[in-house]
Structures are given as structure tokens and as C-alpha cells.
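Enquirer: I am sharing query03.cif, which consists of mmCIF, C-alpha atoms and all ligand atoms:
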```
data_work
#
loop_
_atom_site.label_atom_id
_atom_site.label_comp_id
_atom_site.auth_asym_id
_atom_site.auth_seq_id
_atom_site.Cartn_x
_atom_site.Cartn_y
_atom_site.Cartn_z
CA MET A 1 149.98 103.17 210.13
CA ASN A 2 146.60 102.79 211.78
CA ARG A 3 144.28 104.84 209.64
CA LYS A 4 142.71 103.25 206.60
CA ALA A 5 143.80 105.30 203.59
CA LEU A 6 140.94 103.93 201.47
CA LEU A 7 138.30 105.08 203.97
CA ASP A 8 139.98 108.49 204.23
CA VAL A 9 139.77 109.10 200.48
CA LEU A 10 136.17 107.84 200.37
CA GLY A 11 135.34 110.15 203.30
CA ASN A 12 136.91 113.15 201.54
CA ARG A 13 139.82 113.37 204.01
CA MET A 14 143.55 113.57 203.25
CA PRO A 15 144.96 110.01 203.49
CA GLU A 16 148.36 109.17 204.99
CA ARG A 17 149.24 107.67 201.64
CA ARG A 18 147.60 106.98 198.28
CA PRO A 19 145.36 103.92 198.69
CA ILE A 20 146.11 101.03 196.33
CA TRP A 21 144.25 97.85 195.45
CA PHE A 22 143.86 95.88 192.22
CA MET A 23 140.72 94.45 190.69
CA ARG A 24 141.10 90.65 190.65
CA GLN A 25 144.04 90.90 193.04
CA ALA A 26 143.20 87.41 194.30
CA GLY A 27 143.18 84.89 191.47
CA ARG A 28 144.88 82.79 188.91
CA TYR A 29 148.06 84.89 188.45
CA LEU A 30 149.09 83.90 192.01
CA PRO A 31 150.68 80.45 192.47
CA GLU A 32 149.31 80.24 196.02
CA TYR A 33 145.80 80.79 194.62
CA ARG A 34 146.21 78.04 192.03
CA GLN A 35 147.34 75.68 194.75
CA LEU A 36 144.38 76.38 197.03
CA ARG A 37 141.98 76.31 194.10
CA ALA A 38 143.21 72.82 193.15
CA GLN A 39 142.54 71.66 196.73
CA ALA A 40 139.04 73.15 196.79
CA GLY A 41 137.84 71.45 193.60
CA SER A 42 135.65 73.77 191.60
CA PHE A 43 135.70 77.57 191.64
CA LEU A 44 132.18 77.67 193.13
CA ASP A 45 133.18 75.22 195.88
CA LEU A 46 135.94 77.68 196.73
CA CYS A 47 133.51 80.64 196.81
CA TYR A 48 131.27 78.80 199.29
CA ALA A 49 134.06 77.49 201.56
CA PRO A 50 134.49 80.41 204.01
CA LYS A 51 137.84 79.33 205.47
CA LEU A 52 139.43 78.80 202.06
CA ALA A 53 137.80 81.85 200.46
CA SER A 54 139.02 83.97 203.34
CA GLN A 55 142.56 82.64 202.89
CA VAL A 56 142.36 83.51 199.19
CA THR A 57 141.11 87.02 200.03
CA LEU A 58 144.13 87.47 202.30
CA GLN A 59 146.74 86.04 199.89
CA PRO A 60 147.46 89.33 198.07
CA ILE A 61 147.51 91.17 201.44
CA HIS A 62 150.25 88.87 202.71
CA ARG A 63 152.26 89.28 199.55
CA TYR A 64 151.90 93.03 198.85
CA ASP A 65 151.67 96.42 200.57
CA LEU A 66 147.98 97.05 199.69
CA ASP A 67 145.33 99.23 201.32
CA ALA A 68 142.29 97.03 200.69
CA ALA A 69 141.23 93.42 200.45
CA ILE A 70 138.31 92.51 198.20
CA LEU A 71 136.10 89.64 199.24
CA PHE A 72 136.75 86.50 197.23
CA ALA A 73 133.42 85.55 195.61
CA ASP A 74 131.78 86.27 192.26
CA ILE A 75 129.07 88.54 190.85
CA LEU A 76 127.16 85.41 189.75
CA VAL A 77 126.56 84.36 193.37
CA VAL A 78 123.42 86.55 193.25
CA PRO A 79 121.63 84.70 190.42
CA HIS A 80 122.83 81.41 191.92
CA ALA A 81 121.30 82.37 195.28
CA MET A 82 118.08 83.32 193.42
CA GLY A 83 117.83 79.71 192.27
CA VAL A 84 119.45 79.94 188.82
CA GLY A 85 121.56 76.90 187.90
CA LEU A 86 125.24 77.90 187.63
CA LYS A 87 128.48 76.13 186.94
CA PHE A 88 131.95 77.19 185.89
CA ALA A 89 133.21 74.91 183.16
CA GLU A 90 137.00 74.58 183.33
CA GLY A 91 138.53 77.13 180.97
CA GLU A 92 135.17 78.21 179.54
CA GLY A 93 133.71 80.60 182.07
CA PRO A 94 130.26 80.56 183.62
CA ILE A 95 127.23 78.60 182.33
CA LEU A 96 123.82 79.63 183.70
CA ASP A 97 120.20 78.63 183.16
CA VAL A 98 118.76 81.19 180.73
CA VAL A 99 116.39 83.71 182.35
CA ALA A 100 114.71 85.57 179.51
CA ASP A 101 110.93 85.31 179.79
CA GLU A 102 108.14 86.08 182.24
CA GLY A 103 107.97 82.59 183.73
CA SER A 104 111.67 82.32 184.53
CA VAL A 105 111.79 85.82 186.06
CA ARG A 106 108.75 84.99 188.21
CA GLY A 107 110.51 81.84 189.43
CA LEU A 108 113.47 83.75 190.94
CA LYS A 109 113.72 83.46 194.73
CA PRO A 110 114.56 86.15 197.29
CA ILE A 111 118.11 85.57 198.44
CA ARG A 112 117.95 86.34 202.18
CA ASP A 113 118.84 83.44 204.43
CA GLY A 114 120.04 81.23 201.57
CA ASN A 115 123.12 79.03 202.02
CA GLU A 116 125.08 80.91 199.36
CA VAL A 117 124.69 84.29 201.05
CA ARG A 118 125.39 82.79 204.45
CA ALA A 119 128.66 81.24 203.23
CA VAL A 120 129.84 84.48 201.59
CA CYS A 121 129.03 86.45 204.74
CA GLN A 122 131.01 84.00 206.82
CA THR A 123 133.97 84.65 204.51
CA VAL A 124 133.53 88.39 205.13
CA SER A 125 133.53 87.97 208.92
CA LEU A 126 136.51 85.60 208.96
CA THR A 127 138.49 87.92 206.71
CA ARG A 128 137.72 91.07 208.66
CA TYR A 129 139.36 89.59 211.74
CA GLY A 130 142.46 88.55 209.81
CA LEU A 131 143.23 91.97 208.33
CA PRO A 132 145.95 94.40 209.44
CA ALA A 133 144.51 97.61 210.97
CA HIS A 134 145.24 99.82 207.95
CA VAL A 135 143.64 97.50 205.35
CA ALA A 136 139.95 98.03 204.49
CA LEU A 137 137.63 95.21 203.48
CA ILE A 138 135.61 95.70 200.28
CA GLY A 139 132.43 93.73 199.64
CA PHE A 140 130.92 93.70 196.16
CA CYS A 141 128.21 92.64 193.77
CA GLY A 142 127.52 93.00 190.06
CA ALA A 143 125.25 95.80 188.87
CA PRO A 144 121.76 94.74 187.72
CA TRP A 145 122.56 95.27 184.02
CA THR A 146 125.76 93.22 184.00
CA VAL A 147 124.27 90.37 186.03
CA ALA A 148 121.10 90.43 183.88
CA SER A 149 123.26 90.14 180.76
CA TYR A 150 124.78 86.86 182.04
CA MET A 151 121.31 85.54 182.95
CA ILE A 152 119.82 86.43 179.56
CA GLU A 153 122.77 85.00 177.59
CA GLY A 154 123.21 81.96 179.83
CA GLY A 155 126.90 82.80 180.29
CA SER A 156 129.69 84.91 178.84
CA SER A 157 129.09 86.23 175.37
CA GLU A 158 131.22 88.36 173.11
CA GLU A 159 128.50 90.79 172.06
CA ARG A 160 125.63 90.22 174.50
CA LEU A 161 123.20 90.80 171.61
CA ARG A 162 120.12 89.20 173.19
CA ALA A 163 120.63 91.18 176.38
CA ARG A 164 121.23 94.47 174.58
CA LEU A 165 118.22 93.90 172.36
CA ALA A 166 116.06 93.30 175.44
CA ALA A 167 117.37 96.53 176.97
CA HIS A 168 116.22 98.40 173.84
CA GLN A 169 112.92 96.58 173.30
CA ARG A 170 111.99 96.62 177.00
CA PRO A 171 109.72 93.56 177.29
CA THR A 172 107.91 93.48 180.66
CA TRP A 173 110.09 90.64 181.94
CA PHE A 174 113.25 92.68 181.38
CA GLY A 175 112.10 95.51 183.67
CA ASP A 176 110.94 92.93 186.21
CA LEU A 177 114.34 91.18 186.06
CA LEU A 178 116.18 94.44 186.75
CA GLU A 179 113.85 95.13 189.69
CA ARG A 180 114.41 91.70 191.18
CA LEU A 181 118.17 92.14 190.81
CA VAL A 182 118.10 95.57 192.47
CA GLU A 183 116.30 94.07 195.45
CA ALA A 184 118.48 90.95 195.70
CA SER A 185 121.73 92.91 195.24
CA CYS A 186 120.78 95.41 197.97
CA ASP A 187 120.00 92.57 200.35
CA TYR A 188 123.27 90.86 199.40
CA LEU A 189 125.40 93.97 199.99
CA SER A 190 123.53 94.73 203.23
CA ALA A 191 124.31 91.23 204.47
CA GLN A 192 128.00 91.70 203.59
CA ILE A 193 128.05 95.04 205.44
CA GLU A 194 126.42 93.49 208.50
CA ALA A 195 129.08 90.75 208.36
CA GLY A 196 131.94 93.29 208.32
CA ALA A 197 132.44 94.81 204.85
CA GLU A 198 133.56 98.44 205.25
CA VAL A 199 133.11 99.57 201.64
CA VAL A 200 131.09 98.08 198.80
CA GLN A 201 131.76 98.17 195.07
CA ILE A 202 129.14 97.67 192.37
CA PHE A 203 130.68 96.21 189.18
CA ASP A 204 128.90 97.19 185.96
CA SER A 205 131.42 95.55 183.64
CA TRP A 206 129.21 95.88 180.57
CA ALA A 207 127.89 99.43 181.14
CA GLY A 208 129.63 100.45 177.92
CA ASP A 209 127.19 98.28 175.92
CA LEU A 210 124.38 100.80 176.22
CA THR A 211 123.79 104.34 175.02
CA GLY A 212 121.50 107.34 175.47
CA ASP A 213 118.21 106.84 177.28
CA VAL A 214 118.78 103.07 177.31
CA PHE A 215 121.94 103.71 179.36
CA GLU A 216 119.91 105.98 181.70
CA GLU A 217 117.18 103.38 182.25
CA THR A 218 119.35 100.27 182.43
CA VAL A 219 122.65 101.36 183.99
CA ILE A 220 121.99 104.61 185.88
CA ALA A 221 118.48 104.08 187.27
CA PRO A 222 118.99 100.64 188.88
CA ILE A 223 122.35 101.70 190.38
CA ARG A 224 120.79 104.88 191.74
CA THR A 225 117.98 102.90 193.38
CA MET A 226 120.58 100.63 194.97
CA THR A 227 122.84 103.40 196.26
CA LYS A 228 119.87 105.28 197.74
CA GLU A 229 118.60 102.19 199.49
CA LEU A 230 122.08 101.33 200.81
CA ARG A 231 122.52 104.88 202.08
CA LYS A 232 119.25 104.52 203.95
CA ARG A 233 120.20 101.20 205.50
CA HIS A 234 123.91 101.93 206.11
CA PRO A 235 124.54 105.68 206.05
CA SER A 236 128.24 105.46 206.89
CA ILE A 237 129.27 102.80 204.33
CA PRO A 238 130.89 104.26 201.19
CA VAL A 239 129.99 102.93 197.74
CA ILE A 240 132.27 102.67 194.70
CA VAL A 241 130.51 102.38 191.34
CA PHE A 242 132.48 100.94 188.42
CA ALA A 243 130.46 101.51 185.26
CA ARG A 244 133.12 100.20 182.90
CA GLY A 245 133.02 101.87 179.52
CA ALA A 246 130.76 104.74 180.65
CA GLY A 247 133.37 107.05 179.08
CA SER A 248 132.17 110.66 179.03
CA LYS A 249 129.25 109.69 181.28
CA HIS A 250 131.27 108.88 184.44
CA GLY A 251 130.50 112.35 185.83
CA ARG A 252 126.81 111.67 185.37
CA VAL A 253 127.15 108.25 187.03
CA ALA A 254 128.87 109.93 190.00
CA GLU A 255 126.34 112.71 190.30
CA THR A 256 123.19 110.61 190.00
CA SER A 257 124.38 107.69 192.11
CA GLY A 258 125.85 109.74 194.94
CA ALA A 259 128.79 107.27 194.96
CA GLN A 260 131.86 108.21 197.01
CA ALA A 261 134.11 107.05 194.16
CA VAL A 262 133.76 105.88 190.57
CA GLY A 263 135.99 103.35 188.84
CA ILE A 264 137.39 104.42 185.47
CA GLU A 265 138.43 102.19 182.55
CA GLN A 266 141.91 102.61 181.05
CA ALA A 267 140.61 104.26 177.87
CA MET A 268 139.89 107.49 179.77
CA GLU A 269 142.27 110.16 181.03
CA LEU A 270 141.72 110.57 184.74
CA ALA A 271 142.39 114.31 184.69
CA ALA A 272 139.60 114.84 182.14
CA VAL A 273 137.19 112.68 184.15
CA LEU A 274 138.04 114.50 187.37
CA ALA A 275 137.45 117.90 185.79
CA ASN A 276 133.79 116.93 185.26
CA MET A 277 133.28 115.35 188.65
CA ALA A 278 131.65 116.84 191.75
CA LYS A 279 134.30 117.63 194.40
CA HIS A 280 133.11 115.06 196.92
CA CYS A 281 133.66 112.14 194.53
CA ALA A 282 137.00 110.33 194.09
CA VAL A 283 138.21 108.39 191.05
CA GLN A 284 139.55 104.84 191.07
CA GLY A 285 141.84 103.47 188.41
CA ASN A 286 143.09 103.24 185.77
CA LEU A 287 146.38 101.58 184.88
CA ASP A 288 146.03 99.45 181.75
CA PRO A 289 146.11 95.74 182.77
CA ILE A 290 148.25 95.12 179.69
CA ALA A 291 150.91 97.53 181.04
CA LEU A 292 150.92 95.39 184.19
CA LEU A 293 151.16 92.22 182.11
CA ALA A 294 154.02 93.67 180.06
CA GLY A 295 156.16 94.96 182.97
CA GLY A 296 159.52 96.61 182.28
CA GLU A 297 160.38 100.30 182.46
CA ARG A 298 157.21 101.25 180.62
CA LEU A 299 155.17 99.89 183.52
CA THR A 300 156.84 102.32 185.93
CA SER A 301 156.35 105.26 183.59
CA ARG A 302 152.69 104.33 182.98
CA VAL A 303 152.10 104.19 186.75
CA GLU A 304 153.74 107.62 187.14
CA ASN A 305 151.56 108.94 184.36
CA VAL A 306 148.36 107.78 186.01
CA ILE A 307 149.39 109.23 189.38
CA SER A 308 150.47 112.57 188.00
CA GLU A 309 146.91 113.15 186.77
CA VAL A 310 145.16 113.06 190.17
CA PRO A 311 145.74 114.50 193.66
CA MET A 312 146.16 111.89 196.38
CA GLN A 313 143.06 112.97 198.26
CA ARG A 314 140.80 112.09 195.36
CA HIS A 315 142.50 108.99 193.99
CA ILE A 316 142.35 105.26 194.63
CA PHE A 317 145.09 103.64 192.59
CA ASN A 318 143.84 100.57 190.69
CA LEU A 319 143.69 99.08 187.21
CA GLY A 320 141.19 100.01 184.50
CA HIS A 321 139.97 96.36 184.62
CA GLY A 322 141.05 93.10 186.31
CA ILE A 323 144.55 91.62 186.48
CA ARG A 324 145.14 89.23 183.57
CA PRO A 325 145.78 85.64 184.72
CA ALA A 326 149.14 85.51 182.88
CA THR A 327 150.53 88.49 184.83
CA ASP A 328 153.86 88.00 186.61
CA PRO A 329 153.23 88.60 190.36
CA GLY A 330 156.51 90.55 190.41
CA HIS A 331 154.95 93.19 188.15
CA VAL A 332 152.29 93.89 190.78
CA ALA A 333 155.01 94.50 193.39
CA GLN A 334 156.79 96.77 190.90
CA ALA A 335 153.64 98.84 190.26
CA ILE A 336 153.01 99.28 194.00
CA ALA A 337 156.62 100.31 194.59
CA ALA A 338 156.35 102.84 191.77
CA VAL A 339 153.24 104.43 193.32
CA ARG A 340 154.86 104.64 196.76
CA ALA A 341 158.14 106.03 195.37
CA MET A 342 156.48 108.68 193.27
CA ASP A 343 154.24 109.82 196.13
CA ALA A 344 157.31 110.03 198.41
CA ARG A 345 159.11 112.19 195.81
CA ARG A 346 156.12 114.51 195.50
CA ALA A 347 155.57 114.88 199.26
O1 LIG B 1 139.13 79.44 187.46
C1 LIG B 1 139.01 80.22 188.41
O2 LIG B 1 139.70 80.12 189.44
C2 LIG B 1 137.92 81.25 188.31
C3 LIG B 1 138.34 82.58 187.83
C4 LIG B 1 137.51 83.62 188.59
C5 LIG B 1 137.90 84.36 189.72
C6 LIG B 1 139.24 84.32 190.41
C7 LIG B 1 136.17 83.97 188.32
C8 LIG B 1 135.30 83.37 187.27
N1 LIG B 1 135.75 84.90 189.27
C9 LIG B 1 136.77 85.17 190.13
C10 LIG B 1 136.74 86.05 191.33
C11 LIG B 1 136.11 87.38 191.23
N2 LIG B 1 135.21 87.77 190.27
C12 LIG B 1 136.28 88.45 192.14
C13 LIG B 1 137.04 88.41 193.48
C14 LIG B 1 138.49 88.44 193.42
C15 LIG B 1 139.24 89.72 193.25
O3 LIG B 1 138.82 90.68 192.61
O4 LIG B 1 140.36 89.76 193.79
C16 LIG B 1 135.54 89.53 191.65
C17 LIG B 1 135.47 90.93 192.23
C18 LIG B 1 134.86 89.07 190.48
C19 LIG B 1 133.93 89.89 189.72
C20 LIG B 1 133.40 89.42 188.41
N3 LIG B 1 133.05 88.15 188.01
C21 LIG B 1 133.06 90.31 187.36
C22 LIG B 1 133.15 91.83 187.45
C23 LIG B 1 134.52 92.33 187.23
C24 LIG B 1 135.10 92.14 185.84
O5 LIG B 1 136.09 91.41 185.75
O6 LIG B 1 134.55 92.72 184.89
C25 LIG B 1 132.56 89.54 186.30
C26 LIG B 1 132.09 90.04 184.95
C27 LIG B 1 132.55 88.17 186.71
C28 LIG B 1 132.04 86.99 185.95
C29 LIG B 1 133.03 85.90 185.81
N4 LIG B 1 133.58 85.22 186.87
C30 LIG B 1 134.51 84.31 186.43
C31 LIG B 1 134.52 84.37 185.00
C32 LIG B 1 135.39 83.55 184.11
C33 LIG B 1 133.59 85.35 184.63
C34 LIG B 1 133.19 85.76 183.22
C35 LIG B 1 134.01 86.89 182.68
C36 LIG B 1 133.60 87.24 181.25
O7 LIG B 1 132.45 87.06 180.85
O8 LIG B 1 134.48 87.75 180.54
#
```
Output the file's structure as C-alpha cells, nothing else.
Ligand code: 1CP

Expert:
Amino acid sequence: MNRKALLDVLGNRMPERRPIWFMRQAGRYLPEYRQLRAQAGSFLDLCYAPKLASQVTLQPIHRYDLDAAILFADILVVPHAMGVGLKFAEGEGPILDVVADEGSVRGLKPIRDGNEVRAVCQTVSLTRYGLPAHVALIGFCGAPWTVASYMIEGGSSEERLRARLAAHQRPTWFGDLLERLVEASCDYLSAQIEAGAEVVQIFDSWAGDLTGDVFEETVIAPIRTMTKELRKRHPSIPVIVFARGAGSKHGRVAETSGAQAVGIEQAMELAAVLANMAKHCAVQGNLDPIALLAGGERLTSRVENVISEVPMQRHIFNLGHGIRPATDPGHVAQAIAAVRAMDARRA
């Protein structure tokens, strides 16, 4: 196989087979990741060590029959590169300096030429050369809303109340913060593309937090500005937008962003989403990560269910959210085998 099935689906062409990748396919569920991570020291050290990060990116490609590798880095590299203090406390998730007033937004730096971006781009270049011909390399960043929510809260938060309140009340600094993130994220993705990323994905993990015109202004508008700008700078690079929790609004996300594919959370039925989607846009998803964690016969039947809802030409098989760290790596192999077997039966 020489063609890249992922690029075929994103280019609206019939792929040789259904492209498969998994969100968080590199990470803690893999013993080889845990080993390398222990050598590297902290998670951030690993993100900024191009040789090691590239090895981690390739780990799932060596183990499984996948169609894409996703750069090993994090969405919080962007605020870090803008000068925001960041650390990952063991077992607690990220801790950031709070950015939630005019002064702290004004203090954010442009990210071009920073060491963080340079290191990540080196990972991209190293990885691109190590990939088999049929595997595409995906670069990524967080969407402005999701990244802003971590900056406003100073880390992970169950409800993101301060961030959601700011999105509703619209203080001047909040609009400015989104603008700065749009600019920095475009520059970041452009740099990844110039280094060798063939596709980029924008993760809006907390898109489901917002409703109505607040959703329009905070999720849709910044993503649309980004996709337009990226199209201008890199007309041939496809964009996948994952507005997790957008629910009935995925069609609108697809239409307004001009994305080549949209990621769909597991709560939605793909067939229903596809029915409301312009013909040029593919869907990505949406096996429940808990089905993958659970394994067994139900995993195979859930995979078959997902596949039966979408034609191969418009589908990128994936999860509805990231792989859980406790997942048995054997279950990932089982899910991939189930996709390949079912597609072979249907051919
Ligand atoms: O201890 C460790 O080794 C760190 C765990 C870890 C890993 C493996 C974190 C911390 N980030 C990552 C890598 C990562 N993060 C990747 C690349 C690997 C791959 O997908 O194969 C990607 C694409 C991300 C994206 C990311 N980071 C998102 C968006 C996707 C999603 O899961 O919704 C988000 C929200 C983050 C923030 C983040 N990074 C890490 C943690 C613990 C968190 C907070 C998550 C939360 O608030 O629930």
C-alpha cells in the first residue's frame, strides 16, 4: 500500500481501506511509553525532547496497523510558548499561571521562533522521515476556547465555571485572549506544516460547555478564523475539527469552518450526523473509549456498529474521545482487526 488512506478520505477520494487512528494512541496505556517517559523525567521534558517525542509518536505505529501518527505534544504547549508558567504535577494534570485579566493577556508573547515551537517542529520533521509510506502525520493544537479555559482556570477543572462565565459576560480581556490564541495557534500549526505535518487537527475538547450565540462567538468564530487563515497559507493541507460535545451543531461546525472532516463524540449516532453534513466533509469517530477499555465480544460488535453507519469514503475510524490510560493494548489490536475484517466482508 502506497497511498495514504487518511489523505484520500480528507480529499474526498475513495481510499484503499478505511483509515484508522486513535486519539491518545501514544500514551500511558502503552508499556513502552511508560518506560520512555520514566527515562525522560517530566511529561514536558518529553514533549520538548524531539528524539524521544518522535519515538513516542512512532510507538503505536510500530505496534499496530494504523493509517496515521499524531504528533506527541500537548495543547498546552501554546500557552507555555506564550510565556505562561506550566507544569504537570504527577497524577494531577496541568497547573498554569492564571490568565484572566487585561494585564496578563497583554503580557502574552508571540510564539514564533520560541524554543518550545522549535522543539515540537523538530519532532515533526524527525517523525515524518520515520513513517511508512501509507501513514499520514497529523499535527495538532487546541482550539482557542479550550486552551483559554485552561488559562483562565489555571489548570483542569470539573466545571470550568470561571471560563464559562467569562464567555457569557464577555469582558474585553476575554475577547483579546481568544484573538491572541487564534493568532498563536495559526502560527503554531503553520510551523508544524512547514516542518512536515500533512494534516492538522484542532481539538475543542470543551466545546460542549457553551450554547447558542455564546457557542457561535466562542467556538465557531475563532475556529473559522483559524481555518480560513490556514487555507490561505497552506491551501492543500486538510483540517480536522473536533468540537467535542457540539452534538446537533456538528453540521454547522463543518459548514462554517470549511473543515475536511469533523470529529464526533460517542454520544452521537454517526449516521444522523452525516445526514446533516455537506457532502465534501467526512466524519471521524466515534467508538466509546469505555467499549475499548472493556474489550470482549461487545467491543467487536460496537466497532461493527460504528462502521455500519458510515461509507468508507466519508469515514475516519477513531474513538469519541481519547484512549483511557487503563486500556489493555490488546483491545486496540482487536478493534483494528474488527474494522479490517468487517470492511473485507463488505467489499
Ligand atoms: O503523565 C503523562 O505521561 C502525561 C499524560 C498526557 C499525554 C500522554 C498529557 C497530559 N498529554 C498527553 C499527550 C497528548 N495530549 C496528545 C498526543 C498524543 C496522542 O494523542 O497520541 C494530544 C493530542 C493531547 C491533547 C490534549 N491535551 C487535549 C485535547 C484532547 C482531549 O483529550 O480532550 C487536552 C484537553 C489536553 C490537556 C491535558 N494534557 C495532559 C493532561 C492530564 C491534560 C488535562 C486533561 C483534562 O483536563 O481532563

Enquirer: Please produce, as a Markdown table, a per-residue contact table for chain A versus ligand LIG 1 (chain B) (criterion: any atom at most 6 Å away, all atoms listed in the file considered), showing the nearest atom pair and its distance in Å to one decimal, sorted by chain then residue number.

Expert:
```
| residue | atom | partner | partner_atom | distance |
| --- | --- | --- | --- | --- |
| A:Met23 | CA | B:LIG1 | O3 | 4.6 |
| A:Arg24 | CA | B:LIG1 | O3 | 3.0 |
| A:Gln25 | CA | B:LIG1 | O4 | 3.9 |
| A:Ala26 | CA | B:LIG1 | O4 | 3.7 |
| A:Gly27 | CA | B:LIG1 | C6 | 4.1 |
| A:Arg28 | CA | B:LIG1 | O2 | 5.9 |
| A:Phe43 | CA | B:LIG1 | O2 | 5.2 |
| A:Ile70 | CA | B:LIG1 | O4 | 5.6 |
| A:Leu71 | CA | B:LIG1 | C13 | 6.0 |
| A:Phe72 | CA | B:LIG1 | C13 | 4.2 |
| A:Ala73 | CA | B:LIG1 | C13 | 5.1 |
| A:Asp74 | CA | B:LIG1 | N2 | 4.2 |
| A:Ile75 | CA | B:LIG1 | N3 | 4.9 |
| A:Gly93 | CA | B:LIG1 | C32 | 4.0 |
| A:Pro94 | CA | B:LIG1 | C31 | 5.9 |
| A:Ser156 | CA | B:LIG1 | O7 | 4.0 |
| A:Phe203 | CA | B:LIG1 | C22 | 5.3 |
| A:Ser205 | CA | B:LIG1 | O6 | 4.4 |
| A:Gly322 | CA | B:LIG1 | O5 | 5.3 |
```

Enquirer: Excluding range 47-62 of chain A and any residue of its chain fewer than 4 positions from it, enumerate the residues within 9 Å of it, using all atoms listed in the file, and give them as a JSON list (two decimals) with C-alpha atoms, in the coordinates of the input.

Expert:
```json
[["chain", "number", "residue", "atom", "x", "y", "z"],
["A", 25, "GLN", "CA", 144.04, 90.90, 193.04],
["A", 26, "ALA", "CA", 143.20, 87.41, 194.30],
["A", 27, "GLY", "CA", 143.18, 84.89, 191.47],
["A", 30, "LEU", "CA", 149.09, 83.90, 192.01],
["A", 32, "GLU", "CA", 149.31, 80.24, 196.02],
["A", 33, "TYR", "CA", 145.80, 80.79, 194.62],
["A", 36, "LEU", "CA", 144.38, 76.38, 197.03],
["A", 37, "ARG", "CA", 141.98, 76.31, 194.10],
["A", 40, "ALA", "CA", 139.04, 73.15, 196.79],
["A", 42, "SER", "CA", 135.65, 73.77, 191.60],
["A", 43, "PHE", "CA", 135.70, 77.57, 191.64],
["A", 66, "LEU", "CA", 147.98, 97.05, 199.69],
["A", 67, "ASP", "CA", 145.33, 99.23, 201.32],
["A", 68, "ALA", "CA", 142.29, 97.03, 200.69],
["A", 69, "ALA", "CA", 141.23, 93.42, 200.45],
["A", 70, "ILE", "CA", 138.31, 92.51, 198.20],
["A", 71, "LEU", "CA", 136.10, 89.64, 199.24],
["A", 72, "PHE", "CA", 136.75, 86.50, 197.23],
["A", 73, "ALA", "CA", 133.42, 85.55, 195.61],
["A", 74, "ASP", "CA", 131.78, 86.27, 192.26],
["A", 77, "VAL", "CA", 126.56, 84.36, 193.37],
["A", 115, "ASN", "CA", 123.12, 79.03, 202.02],
["A", 116, "GLU", "CA", 125.08, 80.91, 199.36],
["A", 117, "VAL", "CA", 124.69, 84.29, 201.05],
["A", 118, "ARG", "CA", 125.39, 82.79, 204.45],
["A", 119, "ALA", "CA", 128.66, 81.24, 203.23],
["A", 120, "VAL", "CA", 129.84, 84.48, 201.59],
["A", 121, "CYS", "CA", 129.03, 86.45, 204.74],
["A", 122, "GLN", "CA", 131.01, 84.00, 206.82],
["A", 123, "THR", "CA", 133.97, 84.65, 204.51],
["A", 124, "VAL", "CA", 133.53, 88.39, 205.13],
["A", 125, "SER", "CA", 133.53, 87.97, 208.92],
["A", 126, "LEU", "CA", 136.51, 85.60, 208.96],
["A", 127, "THR", "CA", 138.49, 87.92, 206.71],
["A", 128, "ARG", "CA", 137.72, 91.07, 208.66],
["A", 130, "GLY", "CA", 142.46, 88.55, 209.81],
["A", 131, "LEU", "CA", 143.23, 91.97, 208.33],
["A", 132, "PRO", "CA", 145.95, 94.40, 209.44],
["A", 135, "VAL", "CA", 143.64, 97.50, 205.35]]
```

Enquirer: List the spatial neighbours of Arg112 in chain A as a ChimeraX atom specification - criterion: any atom at most 12 Å away, all atoms listed in the file, same-chain residues fewer than 6 positions off excluded.

Expert: /A:78,81-83,118-119,121,183-192

Enquirer: In Å, rounded to a single decimal, give me how far CA of Ile316 in chain A is from CA of Pro19 in chain A.

Expert: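 CA of Ile316 in chain A lies at a distance of 5.2 Å from CA of Pro19 in chain A.
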
Enquirer: As an exercise, work out the distance from CA of Glu229 in chain A to CA of Glu179 in chain A in Å and give it to one decimal place.

Expert: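 Taking CA of Glu229 in chain A as the start and CA of Glu179 in chain A as the end point, the length is 13.0 Å.
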
Enquirer: Would you mind reading off the distance between CA of His250 in chain A and CA of Phe215 in chain A, one decimal, in Å?

Expert: 11.8 Å

Enquirer: Please determine, counting all atoms listed in the file, which residue among A:Ala148, A:Ala143, A:Arg162, A:Leu10 has the shortest atom-to-atom distance to Met226 in chain A.

Expert: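 Nearest to Met226 in chain A: A:Ala143.
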
Enquirer: Using all atoms listed in the file, pick whichever of A:Leu270, A:Ala278, A:Ile138, A:Ala89 has the shortest atom-to-atom distance to Gly258 in chain A.

Expert: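 Smallest separation from Gly258 in chain A among the options: A:Ala278.
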
Enquirer: From the set A:Gly295, A:Gly245, A:Gly139, A:Pro311, which residue has the shortest atom-to-atom contact distance to Gly208 in chain A, counting only C-alpha atoms?

Expert: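 When distances to Gly208 in chain A are compared using only C-alpha atoms, the smallest one comes from A:Gly245.
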
Enquirer: Nearest to Leu292 in chain A: which of A:Val239, A:Met342, A:Arg106, A:Tyr29 is it, counting only C-alpha atoms?

Expert: A:Tyr29

Enquirer: Could you list, as a ChimeraX atom specification, every residue within 12 Å of Gly320 in chain A, counting only C-alpha atoms and ignoring same-chain residues fewer than 3 positions away?

Expert: /A:21-24,205,242-245,247,262-270,283-292,303,306,316-317,323-324

Enquirer: Compare A:Trp145, A:Ile152, A:Ser248, A:Arg17 by their minimum atom-to-atom distance to Val84 in chain A, counting all atoms listed in the file, and give me the closest one.

Expert: A:Ile152

Enquirer: I need the residue nearest Gly196 in chain A from this list: A:Ala136, A:Asp328, A:Ala344, A:Leu46. Use all atoms listed in the file for the distance.

Expert: A:Ala136

Enquirer: Using the structure block above, produce a file of range 5-15 of chain A that contains N, CA and C atoms, as a tab-separated table (two decimals), in the first residue's frame.

Expert:
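Saved to result17.tsv:
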```tsv
chain	number	residue	atom	x	y	z
A	5	ALA	N	-4.49	6.44	3.05
A	5	ALA	CA	-5.96	6.35	3.11
A	5	ALA	C	-6.54	7.59	3.80
A	6	LEU	N	-5.85	8.10	4.81
A	6	LEU	CA	-6.39	9.28	5.52
A	6	LEU	C	-6.48	10.48	4.57
A	7	LEU	N	-5.43	10.69	3.77
A	7	LEU	CA	-5.45	11.84	2.85
A	7	LEU	C	-6.49	11.64	1.76
A	8	ASP	N	-6.72	10.39	1.36
A	8	ASP	CA	-7.76	10.14	0.36
A	8	ASP	C	-9.13	10.54	0.89
A	9	VAL	N	-9.47	10.09	2.09
A	9	VAL	CA	-10.79	10.45	2.63
A	9	VAL	C	-10.90	11.97	2.81
A	10	LEU	N	-9.84	12.60	3.29
A	10	LEU	CA	-9.89	14.06	3.50
A	10	LEU	C	-9.94	14.81	2.17
A	11	GLY	N	-9.49	14.17	1.09
A	11	GLY	CA	-9.53	14.79	-0.23
A	11	GLY	C	-10.75	14.35	-1.02
A	12	ASN	N	-11.70	13.67	-0.34
A	12	ASN	CA	-12.94	13.26	-1.00
A	12	ASN	C	-12.74	12.18	-2.06
A	13	ARG	N	-11.70	11.36	-1.92
A	13	ARG	CA	-11.45	10.27	-2.86
A	13	ARG	C	-11.69	8.93	-2.17
A	14	MET	N	-11.97	7.89	-2.95
A	14	MET	CA	-12.17	6.57	-2.36
A	14	MET	C	-10.83	6.03	-1.86
A	15	PRO	N	-10.73	5.69	-0.57
A	15	PRO	CA	-9.45	5.18	-0.05
A	15	PRO	C	-9.31	3.69	-0.36
```
